[in-house]
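Novice: Enclosed is the structure file input22.cif (mmCIF, C-alpha atoms and all ligand atoms).
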data_coords
#
loop_
_atom_site.label_atom_id
_atom_site.label_comp_id
_atom_site.auth_asym_id
_atom_site.auth_seq_id
_atom_site.Cartn_x
_atom_site.Cartn_y
_atom_site.Cartn_z
CA MET A 1 0.79 -23.09 0.27
CA THR A 2 3.29 -25.68 1.51
CA SER A 3 3.87 -26.20 5.22
CA ALA A 4 7.48 -25.04 4.67
CA GLU A 5 6.13 -21.75 3.31
CA LEU A 6 3.75 -21.37 6.24
CA ASP A 7 6.61 -22.04 8.69
CA GLN A 8 8.71 -19.47 6.88
CA TYR A 9 5.92 -16.88 7.10
CA GLU A 10 5.57 -17.61 10.81
CA ARG A 11 9.32 -17.24 11.36
CA ASP A 12 10.22 -14.33 9.06
CA GLY A 13 6.94 -12.43 8.75
CA PHE A 14 7.04 -12.44 4.96
CA LEU A 15 7.07 -14.71 1.93
CA VAL A 16 8.34 -14.15 -1.60
CA LEU A 17 6.30 -16.05 -4.19
CA GLU A 18 7.85 -15.75 -7.64
CA ASP A 19 5.76 -15.88 -10.81
CA PHE A 20 2.52 -15.51 -8.88
CA VAL A 21 1.07 -13.19 -11.51
CA PRO A 22 1.56 -13.76 -15.26
CA PRO A 23 3.42 -10.92 -17.02
CA GLU A 24 0.39 -10.09 -19.19
CA ALA A 25 -1.75 -9.50 -16.08
CA CYS A 26 0.95 -7.16 -14.71
CA ASP A 27 0.99 -5.24 -17.99
CA ALA A 28 -2.79 -5.02 -18.13
CA LEU A 29 -2.94 -3.54 -14.63
CA ARG A 30 -0.18 -1.05 -15.46
CA GLY A 31 -2.09 -0.04 -18.57
CA ARG A 32 -5.28 0.51 -16.60
CA ALA A 33 -3.49 2.55 -13.92
CA ASN A 34 -1.95 4.80 -16.57
CA GLU A 35 -5.38 5.23 -18.13
CA LEU A 36 -6.85 6.27 -14.78
CA VAL A 37 -4.09 8.85 -14.35
CA ARG A 38 -4.65 10.21 -17.84
CA GLU A 39 -8.36 10.63 -17.06
CA PHE A 40 -7.64 12.27 -13.70
CA ASP A 41 -8.05 16.05 -13.69
CA PRO A 42 -5.66 17.46 -11.08
CA ALA A 43 -7.26 20.93 -11.10
CA GLY A 44 -7.98 21.88 -7.51
CA VAL A 45 -5.83 19.08 -6.19
CA VAL A 46 -2.45 20.36 -7.36
CA SER A 47 -2.89 23.53 -5.31
CA ILE A 48 -3.31 21.52 -2.12
CA PHE A 49 0.36 21.73 -1.41
CA SER A 50 0.65 25.51 -1.36
CA THR A 51 -1.07 26.83 1.78
CA ARG A 52 -1.76 25.73 5.30
CA GLU A 53 -5.55 25.70 4.91
CA GLN A 54 -5.19 23.63 1.79
CA THR A 55 -2.87 21.20 3.57
CA ARG A 56 -5.75 20.42 5.89
CA THR A 57 -7.91 19.86 2.83
CA SER A 58 -5.29 17.48 1.53
CA ASP A 59 -5.56 15.51 4.77
CA ASP A 60 -9.30 15.28 4.18
CA TYR A 61 -8.61 14.23 0.60
CA PHE A 62 -6.59 11.34 2.04
CA LEU A 63 -8.86 10.54 4.99
CA GLU A 64 -11.94 10.36 2.80
CA SER A 65 -10.36 8.10 0.19
CA GLY A 66 -11.22 4.72 1.77
CA ASP A 67 -14.22 4.29 -0.50
CA LYS A 68 -12.86 6.16 -3.52
CA ILE A 69 -10.25 6.19 -6.25
CA ARG A 70 -7.99 9.12 -5.45
CA PHE A 71 -4.61 10.28 -6.73
CA PHE A 72 -1.69 11.36 -4.57
CA PHE A 73 1.29 13.24 -5.96
CA GLU A 74 4.94 12.55 -5.30
CA GLU A 75 6.24 15.09 -2.79
CA ASN A 76 8.92 16.20 -5.25
CA ALA A 77 6.56 16.45 -8.20
CA PHE A 78 6.21 20.24 -7.91
CA ASN A 79 8.67 23.05 -8.47
CA SER A 80 8.72 26.19 -6.29
CA ASP A 81 5.82 27.80 -8.19
CA GLY A 82 3.68 24.75 -7.51
CA ARG A 83 3.86 23.47 -11.07
CA LEU A 84 4.56 19.89 -12.06
CA GLN A 85 8.18 19.29 -13.02
CA GLN A 86 7.41 16.13 -14.99
CA SER A 87 4.31 15.07 -16.89
CA LYS A 88 1.23 14.09 -14.87
CA VAL A 89 1.76 10.38 -15.54
CA HIS A 90 5.25 10.71 -14.07
CA SER A 91 4.12 12.73 -11.04
CA ILE A 92 1.64 10.52 -9.23
CA ASN A 93 2.95 8.67 -6.18
CA LYS A 94 -0.06 6.41 -5.71
CA ILE A 95 -3.73 5.76 -6.34
CA GLY A 96 -5.93 4.58 -3.45
CA HIS A 97 -7.80 3.13 -1.70
CA ALA A 98 -10.87 1.33 -3.14
CA LEU A 99 -9.60 0.44 -6.61
CA HIS A 100 -10.52 -3.21 -5.96
CA ASP A 101 -14.19 -2.34 -5.47
CA LEU A 102 -14.66 0.49 -7.94
CA ASP A 103 -12.63 -0.40 -11.01
CA PRO A 104 -13.46 -3.61 -12.95
CA ALA A 105 -9.83 -4.28 -13.97
CA PHE A 106 -8.60 -3.95 -10.37
CA ASP A 107 -11.57 -5.97 -9.13
CA ARG A 108 -10.62 -8.83 -11.49
CA PHE A 109 -6.94 -8.69 -10.56
CA SER A 110 -7.74 -8.66 -6.81
CA ARG A 111 -10.47 -11.31 -6.68
CA THR A 112 -8.90 -14.50 -7.99
CA ASN A 113 -9.26 -18.02 -6.62
CA GLN A 114 -5.49 -18.12 -6.29
CA ILE A 115 -5.48 -15.13 -3.90
CA LYS A 116 -8.52 -16.43 -2.04
CA GLN A 117 -6.76 -19.77 -1.48
CA LEU A 118 -3.59 -18.04 -0.35
CA VAL A 119 -5.29 -15.94 2.32
CA SER A 120 -7.29 -18.96 3.45
CA ASP A 121 -4.02 -20.91 3.87
CA LEU A 122 -2.88 -18.04 6.09
CA GLY A 123 -5.90 -18.55 8.35
CA ILE A 124 -8.18 -15.84 6.98
CA ASN A 125 -11.33 -17.85 6.50
CA ASP A 126 -13.89 -15.09 6.11
CA PRO A 127 -11.91 -12.58 4.03
CA LEU A 128 -12.79 -8.97 3.33
CA LEU A 129 -10.76 -6.86 0.93
CA LEU A 130 -10.00 -3.72 2.91
CA GLN A 131 -7.65 -1.52 0.94
CA SER A 132 -5.87 -1.33 -2.40
CA MET A 133 -3.09 0.95 -3.57
CA TYR A 134 -1.34 1.32 -6.88
CA ILE A 135 2.17 2.59 -6.19
CA PHE A 136 4.22 4.10 -9.01
CA LYS A 137 7.59 4.83 -7.37
CA GLN A 138 8.29 7.18 -10.23
CA PRO A 139 11.68 7.46 -11.94
CA ARG A 140 13.94 10.13 -10.35
CA ILE A 141 11.34 11.48 -7.88
CA GLY A 142 9.87 8.28 -6.37
CA GLY A 143 9.59 9.12 -2.67
CA GLU A 144 10.92 7.19 0.30
CA VAL A 145 8.50 5.29 2.57
CA THR A 146 10.02 5.14 6.06
CA CYS A 147 10.08 2.01 8.21
CA HIS A 148 6.60 1.07 9.40
CA GLN A 149 4.22 -1.77 10.20
CA ASP A 150 1.01 -1.91 8.18
CA ALA A 151 -0.98 -2.55 11.37
CA THR A 152 -0.10 1.03 12.37
CA PHE A 153 -2.42 2.27 9.62
CA LEU A 154 -4.89 -0.62 9.41
CA PHE A 155 -5.60 -2.14 12.78
CA VAL A 156 -7.99 -4.98 13.55
CA GLU A 157 -8.53 -6.90 16.76
CA PRO A 158 -7.44 -9.71 16.76
CA LEU A 159 -4.88 -8.96 14.07
CA ARG A 160 -6.17 -11.28 11.36
CA MET A 161 -4.85 -9.42 8.35
CA VAL A 162 -2.41 -9.94 5.52
CA GLY A 163 -0.69 -7.52 3.16
CA LEU A 164 -0.11 -8.55 -0.46
CA TRP A 165 2.49 -6.67 -2.49
CA PHE A 166 2.52 -7.46 -6.20
CA ALA A 167 5.58 -6.45 -8.23
CA LEU A 168 4.25 -5.22 -11.58
CA GLU A 169 7.80 -4.42 -12.70
CA ASP A 170 11.21 -5.71 -11.63
CA ALA A 171 12.07 -4.17 -8.27
CA GLY A 172 15.69 -3.80 -7.14
CA VAL A 173 17.72 -1.68 -4.75
CA GLU A 174 18.31 0.84 -7.52
CA ASN A 175 14.62 1.61 -8.19
CA GLY A 176 13.36 1.43 -4.62
CA CYS A 177 12.43 -2.18 -3.80
CA LEU A 178 10.97 -3.25 -0.46
CA TRP A 179 13.28 -3.79 2.52
CA VAL A 180 12.18 -5.87 5.49
CA ILE A 181 13.42 -6.76 8.98
CA PRO A 182 13.05 -10.57 8.98
CA GLY A 183 11.38 -11.75 12.18
CA GLY A 184 10.56 -8.14 13.10
CA GLN A 185 6.86 -8.96 13.38
CA LYS A 186 7.72 -10.37 16.81
CA LEU A 187 8.67 -6.91 18.11
CA GLY A 188 5.03 -5.92 18.67
CA LEU A 189 3.11 -2.93 17.37
CA LYS A 190 4.99 0.35 17.79
CA SER A 191 2.34 2.90 16.91
CA ARG A 192 -1.17 3.46 15.69
CA PHE A 193 -2.41 6.09 13.27
CA ARG A 194 -5.81 7.09 14.61
CA ARG A 195 -8.55 9.51 13.71
CA ALA A 196 -8.45 12.44 16.09
CA GLU A 197 -11.42 14.14 17.73
CA GLY A 198 -12.30 17.25 15.80
CA GLY A 199 -10.92 15.91 12.51
CA GLY A 200 -7.63 14.73 11.05
CA ALA A 201 -5.56 11.85 12.32
CA ARG A 202 -2.43 11.46 14.41
CA PHE A 203 0.08 8.86 15.53
CA GLU A 204 -0.20 7.30 18.96
CA THR A 205 3.15 5.87 20.11
CA LEU A 206 2.99 2.52 21.87
CA ASP A 207 6.72 1.77 21.94
CA ASP A 208 9.34 4.39 21.03
CA SER A 209 12.37 2.09 20.80
CA PRO A 210 14.18 2.42 17.44
CA TRP A 211 13.86 -0.18 14.68
CA PRO A 212 16.82 -2.57 14.45
CA GLU A 213 17.59 -1.15 11.01
CA GLU A 214 20.90 -3.01 10.81
CA LYS A 215 18.78 -6.11 10.17
CA LEU A 216 17.07 -4.64 7.10
CA GLN A 217 17.24 -6.85 4.05
CA PRO A 218 16.31 -5.82 0.48
CA LEU A 219 13.79 -7.94 -1.40
CA GLU A 220 14.89 -7.69 -5.00
CA VAL A 221 12.16 -9.36 -7.02
CA ARG A 222 11.12 -9.90 -10.58
CA LYS A 223 7.93 -8.69 -12.18
CA GLY A 224 5.05 -11.01 -11.27
CA THR A 225 6.34 -11.78 -7.77
CA LEU A 226 3.99 -11.59 -4.82
CA ILE A 227 5.42 -10.58 -1.45
CA VAL A 228 3.17 -11.57 1.44
CA LEU A 229 3.57 -9.30 4.48
CA HIS A 230 2.61 -9.94 8.10
CA PRO A 231 0.76 -6.88 9.47
CA LEU A 232 3.48 -6.37 12.11
CA LEU A 233 6.49 -6.85 9.82
CA PRO A 234 8.63 -3.67 9.73
CA HIS A 235 9.36 -2.65 6.14
CA LEU A 236 10.34 0.36 4.08
CA SER A 237 11.28 1.43 0.59
CA ARG A 238 13.90 3.96 -0.37
CA GLU A 239 13.77 6.78 -2.92
CA ASN A 240 13.87 5.93 -6.56
CA ARG A 241 16.59 8.06 -8.14
CA SER A 242 16.95 5.76 -11.13
CA SER A 243 15.43 6.24 -14.56
CA ARG A 244 13.23 3.14 -14.12
CA SER A 245 9.82 3.16 -12.43
CA ARG A 246 8.89 0.51 -9.89
CA HIS A 247 5.15 -0.07 -10.15
CA ALA A 248 3.54 -2.23 -7.49
CA TYR A 249 -0.01 -3.02 -6.43
CA THR A 250 -0.90 -3.70 -2.81
CA LEU A 251 -3.95 -5.25 -1.27
CA HIS A 252 -4.84 -5.71 2.39
CA VAL A 253 -7.23 -8.47 3.41
CA ILE A 254 -8.76 -8.82 6.87
CA ASP A 255 -10.99 -11.45 8.47
CA ALA A 256 -14.62 -10.50 9.01
CA SER A 257 -14.50 -12.02 12.50
CA SER A 258 -12.02 -9.37 13.69
CA GLU A 259 -13.27 -6.10 15.12
CA TYR A 260 -12.67 -3.10 12.87
CA PRO A 261 -12.16 -0.01 15.02
CA ALA A 262 -13.89 3.31 14.32
CA SER A 263 -10.52 4.96 15.09
CA ASN A 264 -8.87 3.59 11.92
CA TRP A 265 -8.37 6.30 9.30
CA LEU A 266 -10.00 4.13 6.62
CA GLN A 267 -13.76 4.04 7.06
CA ARG A 268 -16.43 2.77 4.71
CA PRO A 269 -19.91 4.28 4.57
CA ALA A 270 -22.78 1.87 5.31
CA GLU A 271 -23.82 1.88 1.65
CA MET A 272 -20.41 0.59 0.53
CA PRO A 273 -19.50 -2.25 2.87
CA LEU A 274 -16.31 -4.30 2.52
CA ARG A 275 -16.64 -7.35 0.32
CA GLY A 276 -14.84 -10.68 0.07
CA PHE A 277 -13.85 -12.62 -3.03
FE FE2 B 301 3.48 -0.88 4.17
#
Represent the structure from my file as structure tokens, please.
Ligand code: FE2

Specialist:
Amino acid sequence: MTSAELDQYERDGFLVLEDFVPPEACDALRGRANELVREFDPAGVVSIFSTREQTRTSDDYFLESGDKIRFFFEENAFNSDGRLQQSKVHSINKIGHALHDLDPAFDRFSRTNQIKQLVSDLGINDPLLLQSMYIFKQPRIGGEVTCHQDATFLFVEPLRMVGLWFALEDAGVENGCLWVIPGGQKLGLKSRFRRAEGGGARFETLDDSPWPEEKLQPLEVRKGTLIVLHPLLPHLSRENRSSRSRHAYTLHVIDASSEYPASNWLQRPAEMPLRGF
């Protein structure tokens, strides 16, 4: 990375790197994600949304997904009888959170020299790949993601972490691209999502002042673009009401020298430790 890019990252809290991924690699990853969804049997998972007891189960389904490949539905995927309104492949919101360790195609996409060099340029010298998500942002029902900092969900001390957001399709305002608050990483961490005693997880508020949302700026990017996100940068994405999907892949990399708290929702069992490149 150039020193101008590093200065820009320092100042704005994000970087937009066009043509980082060749189009064929984007298409291959999309193909693999669709294959995973086709193989996924939603029986027993679809019903999660219907009763209170099952909602708790759904929390466990999420909280136990740090070392698995799991499928999460769009909130608006179901009609009032709990049936899917669109086909399964058009109903999944995301897949997470250990694709990079468990699936060979995602492993290959995530562990390149180019990415290793990039995170090293950002000061992460002993990298560990922490979390991966494949986000579909489905046509018509793609849900909103409200303004947040990634460090709320993935916290390390000191905060040596970087978020990588790969556009696998063109992303614009119409199909729910990322929006960021440039420089907002300097506002400090506003909340932490922590595992609670007795199960589940909850938000701990550290600063309840509102986001300066008037400063939000859309990042309209072409397929193949990598957006690098500071862990404290406030960002969001709006609903996708358009007829075009907006597939993206995200990867979070931390430095092994940072302390990884037991209170983070994402935990790995001893037999499946985090790995580098
Ligand atoms: Fe995020």

Novice: How many Å lie between CA of Arg244 (chain A) and CA of Gly172 (chain A), rounded to one decimal?

Specialist: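 Between these atoms lies a distance of 10.1 Å.
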
Novice: With all atoms listed in the file counted, collect every polymer residue having an atom within 10 Å of ligand FE2 301 (chain B); state the result as number ranges by chain.

Specialist: A: 145-154, 163-165, 178, 229-237, 250, 252

Novice: Under the rule that only C-alpha atoms are counted, which of A:Pro261, A:Pro127, A:Pro212, A:Gly31 is the nearest residue to Met161 (chain A)?

Specialist: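 Looking at the shortest contact to Met161 (chain A), the residue is A:Pro127.
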
Novice: What is the CA of Arg32 (chain A) to CA of Asp103 (chain A) distance in Å?

Specialist: 9.3 Å

Novice: Quick check, in Å to one decimal: how far apart do CA of Asp12 (chain A) and CA of His100 (chain A) lie?

Specialist: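 Rounded to one decimal, the two atoms are 27.9 Å apart.
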
Novice: Please return the centre and edge lengths, in Å to one decimal, of a box with edges along x, y and z that contains all listed atoms of region 150-154 of chain A, widened by 4 Å on every side, as lines of an AutoDock Vina configuration file.

Specialist:
center_x = -1.9
center_y = -0.1
center_z = 10.3
size_x = 13.9
size_y = 12.8
size_z = 12.2

Novice: Given the choices A:Arg241, A:Arg194, A:Arg140, A:Lys215, which gets closest to Val173 (chain A) if the distance is worked out from all atoms listed in the file?

Specialist: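 Going through A:Arg241, A:Arg194, A:Arg140, A:Lys215 one by one, the smallest distance to Val173 (chain A) is for A:Arg241.
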
Novice: Measuring between all atoms listed in the file, which one of A:Ser132, A:Gly183, A:Leu219, A:Glu144 shows the shortest distance to Asp7 (chain A)?

Specialist: A:Gly183

Novice: Of the residues A:Gly184, A:Pro22, A:Pro104, A:Pro139, which is the one nearest to Val89 (chain A), using all atoms listed in the file?

Specialist: A:Pro139

Novice: Nearest to Val37 (chain A) among A:Arg222, A:His90, A:Arg275, A:Arg246, with distances taken over all atoms listed in the file: which residue is it?

Specialist: A:His90

Novice: Which residues, written as a PyMOL selection string, have at least one atom at most 12 Å from region 107-122 of chain A, with only C-alpha atoms counted and residues fewer than 5 positions away on the same chain left out?

Specialist: chain A and resi 1-3+5-10+13-15+17+20-22+24-30+32+98-102+127-134+160-166+168+226-230+249-255+275-277

Novice: With all atoms listed in the file as the atoms that count, which of A:Gly66, A:Thr205, A:Gly96, A:Glu18 lies nearest to Gly224 (chain A)?

Specialist: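 Of all the options, A:Glu18 lies closest to Gly224 (chain A).
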
Novice: What lies within 8 Å of region 70-80 of chain A using only C-alpha atoms, ignoring chain neighbours under 4 positions off, as an MDAnalysis selection string?

Specialist: chainID A and resid 37 40 61:62 65 84:86 91:97 141:143

Novice: Env of Ala171 (chain A): 8 Å cut, atoms = all atoms listed in the file, seq-sep filter 4 positions within chain, self excluded. Answer as an MDAnalysis selection string.

Specialist: chainID A and resid 167 175:178 220:223 246

Novice: At a cut-off of 10 Å around the point (-1.6, 8.4, 10.4) (file coordinates), what residues fall inside when counting all atoms listed in the file? I'd like the answer as a list in words.

Specialist: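 Answer for this query, in the requested form: Asp59, Leu63, Thr152, Phe153, Leu154, Ser191, Arg192, Phe193, Arg194, Arg195, Ala196, Gly200, Ala201, Arg202, Phe203, Glu204, Asn264 and Trp265 of chain A.
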
Novice: If I only want region 132-219 of chain A, can you write it with C-alpha atoms, as a PDB file, in the first residue's frame?

Specialist:
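That gives us selection.pdb:
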ATOM      1  CA  SER A 132     -15.954 -14.625   7.538  1.00  0.00           C
ATOM      2  CA  MET A 133     -19.424 -13.822   6.276  1.00  0.00           C
ATOM      3  CA  TYR A 134     -21.032 -14.167   2.890  1.00  0.00           C
ATOM      4  CA  ILE A 135     -23.732 -11.518   2.634  1.00  0.00           C
ATOM      5  CA  PHE A 136     -26.418 -11.806  -0.050  1.00  0.00           C
ATOM      6  CA  LYS A 137     -28.458  -8.606   0.378  1.00  0.00           C
ATOM      7  CA  GLN A 138     -31.215 -10.302  -1.558  1.00  0.00           C
ATOM      8  CA  PRO A 139     -33.318  -8.537  -4.186  1.00  0.00           C
ATOM      9  CA  ARG A 140     -36.515  -6.961  -2.735  1.00  0.00           C
ATOM     10  CA  ILE A 141     -36.094  -8.338   0.817  1.00  0.00           C
ATOM     11  CA  GLY A 142     -32.409  -7.597   1.577  1.00  0.00           C
ATOM     12  CA  GLY A 143     -32.511  -6.342   5.166  1.00  0.00           C
ATOM     13  CA  GLU A 144     -31.080  -3.142   6.596  1.00  0.00           C
ATOM     14  CA  VAL A 145     -27.963  -3.259   8.808  1.00  0.00           C
ATOM     15  CA  THR A 146     -28.100  -0.319  11.212  1.00  0.00           C
ATOM     16  CA  CYS A 147     -25.142   1.924  11.987  1.00  0.00           C
ATOM     17  CA  HIS A 148     -22.479   0.080  13.980  1.00  0.00           C
ATOM     18  CA  GLN A 149     -18.764  -0.375  14.586  1.00  0.00           C
ATOM     19  CA  ASP A 150     -17.361  -3.850  13.967  1.00  0.00           C
ATOM     20  CA  ALA A 151     -15.415  -3.650  17.246  1.00  0.00           C
ATOM     21  CA  THR A 152     -18.809  -3.789  19.006  1.00  0.00           C
ATOM     22  CA  PHE A 153     -19.117  -7.418  17.899  1.00  0.00           C
ATOM     23  CA  LEU A 154     -15.456  -8.410  17.636  1.00  0.00           C
ATOM     24  CA  PHE A 155     -13.346  -6.790  20.304  1.00  0.00           C
ATOM     25  CA  VAL A 156      -9.631  -7.269  20.878  1.00  0.00           C
ATOM     26  CA  GLU A 157      -7.276  -5.430  23.209  1.00  0.00           C
ATOM     27  CA  PRO A 158      -5.377  -3.526  21.849  1.00  0.00           C
ATOM     28  CA  LEU A 159      -7.624  -3.071  18.834  1.00  0.00           C
ATOM     29  CA  ARG A 160      -5.360  -4.546  16.172  1.00  0.00           C
ATOM     30  CA  MET A 161      -8.005  -5.636  13.713  1.00  0.00           C
ATOM     31  CA  VAL A 162      -9.118  -4.873  10.191  1.00  0.00           C
ATOM     32  CA  GLY A 163     -12.355  -5.539   8.344  1.00  0.00           C
ATOM     33  CA  LEU A 164     -12.234  -6.448   4.649  1.00  0.00           C
ATOM     34  CA  TRP A 165     -15.390  -6.059   2.568  1.00  0.00           C
ATOM     35  CA  PHE A 166     -15.214  -7.524  -0.920  1.00  0.00           C
ATOM     36  CA  ALA A 167     -17.844  -6.451  -3.460  1.00  0.00           C
ATOM     37  CA  LEU A 168     -18.714  -9.574  -5.451  1.00  0.00           C
ATOM     38  CA  GLU A 169     -21.274  -7.592  -7.460  1.00  0.00           C
ATOM     39  CA  ASP A 170     -21.665  -3.892  -8.227  1.00  0.00           C
ATOM     40  CA  ALA A 171     -22.968  -2.156  -5.103  1.00  0.00           C
ATOM     41  CA  GLY A 172     -24.881   1.128  -5.331  1.00  0.00           C
ATOM     42  CA  VAL A 173     -27.381   3.106  -3.289  1.00  0.00           C
ATOM     43  CA  GLU A 174     -30.214   1.303  -5.048  1.00  0.00           C
ATOM     44  CA  ASN A 175     -29.184  -2.236  -4.014  1.00  0.00           C
ATOM     45  CA  GLY A 176     -27.943  -1.440  -0.517  1.00  0.00           C
ATOM     46  CA  CYS A 177     -24.261  -0.459  -0.694  1.00  0.00           C
ATOM     47  CA  LEU A 178     -22.176   0.394   2.372  1.00  0.00           C
ATOM     48  CA  TRP A 179     -22.433   3.861   3.924  1.00  0.00           C
ATOM     49  CA  VAL A 180     -19.701   5.191   6.188  1.00  0.00           C
ATOM     50  CA  ILE A 181     -19.064   8.187   8.447  1.00  0.00           C
ATOM     51  CA  PRO A 182     -15.591   9.304   7.289  1.00  0.00           C
ATOM     52  CA  GLY A 183     -13.336   9.956  10.277  1.00  0.00           C
ATOM     53  CA  GLY A 184     -15.940   8.421  12.602  1.00  0.00           C
ATOM     54  CA  GLN A 185     -13.397   5.921  13.918  1.00  0.00           C
ATOM     55  CA  LYS A 186     -12.134   8.775  16.101  1.00  0.00           C
ATOM     56  CA  LEU A 187     -15.415   8.879  18.047  1.00  0.00           C
ATOM     57  CA  GLY A 188     -14.432   5.890  20.204  1.00  0.00           C
ATOM     58  CA  LEU A 189     -16.267   2.634  20.801  1.00  0.00           C
ATOM     59  CA  LYS A 190     -19.954   3.116  21.590  1.00  0.00           C
ATOM     60  CA  SER A 191     -20.993  -0.353  22.673  1.00  0.00           C
ATOM     61  CA  ARG A 192     -19.945  -3.943  23.099  1.00  0.00           C
ATOM     62  CA  PHE A 193     -21.939  -7.059  22.351  1.00  0.00           C
ATOM     63  CA  ARG A 194     -20.980  -9.481  25.102  1.00  0.00           C
ATOM     64  CA  ARG A 195     -21.866 -12.984  26.149  1.00  0.00           C
ATOM     65  CA  ALA A 196     -24.134 -12.843  29.173  1.00  0.00           C
ATOM     66  CA  GLU A 197     -23.947 -15.042  32.262  1.00  0.00           C
ATOM     67  CA  GLY A 198     -26.469 -17.825  31.965  1.00  0.00           C
ATOM     68  CA  GLY A 199     -26.419 -17.817  28.159  1.00  0.00           C
ATOM     69  CA  GLY A 200     -27.184 -15.476  25.283  1.00  0.00           C
ATOM     70  CA  ALA A 201     -25.521 -12.153  24.642  1.00  0.00           C
ATOM     71  CA  ARG A 202     -26.419  -8.512  25.167  1.00  0.00           C
ATOM     72  CA  PHE A 203     -25.243  -5.020  24.336  1.00  0.00           C
ATOM     73  CA  GLU A 204     -23.297  -3.008  26.869  1.00  0.00           C
ATOM     74  CA  THR A 205     -23.530   0.732  26.149  1.00  0.00           C
ATOM     75  CA  LEU A 206     -20.320   2.694  26.593  1.00  0.00           C
ATOM     76  CA  ASP A 207     -21.465   5.967  25.036  1.00  0.00           C
ATOM     77  CA  ASP A 208     -25.116   6.645  24.170  1.00  0.00           C
ATOM     78  CA  SER A 209     -24.630   9.789  22.080  1.00  0.00           C
ATOM     79  CA  PRO A 210     -26.236   9.481  18.607  1.00  0.00           C
ATOM     80  CA  TRP A 211     -24.209   8.858  15.454  1.00  0.00           C
ATOM     81  CA  PRO A 212     -23.600  11.984  13.358  1.00  0.00           C
ATOM     82  CA  GLU A 213     -25.664  10.404  10.588  1.00  0.00           C
ATOM     83  CA  GLU A 214     -25.684  13.629   8.558  1.00  0.00           C
ATOM     84  CA  LYS A 215     -22.061  12.780   7.730  1.00  0.00           C
ATOM     85  CA  LEU A 216     -22.912   9.395   6.199  1.00  0.00           C
ATOM     86  CA  GLN A 217     -21.498   8.876   2.745  1.00  0.00           C
ATOM     87  CA  PRO A 218     -22.413   6.038   0.354  1.00  0.00           C
ATOM     88  CA  LEU A 219     -19.612   3.914  -1.071  1.00  0.00           C
TER      89      LEU A 219
END
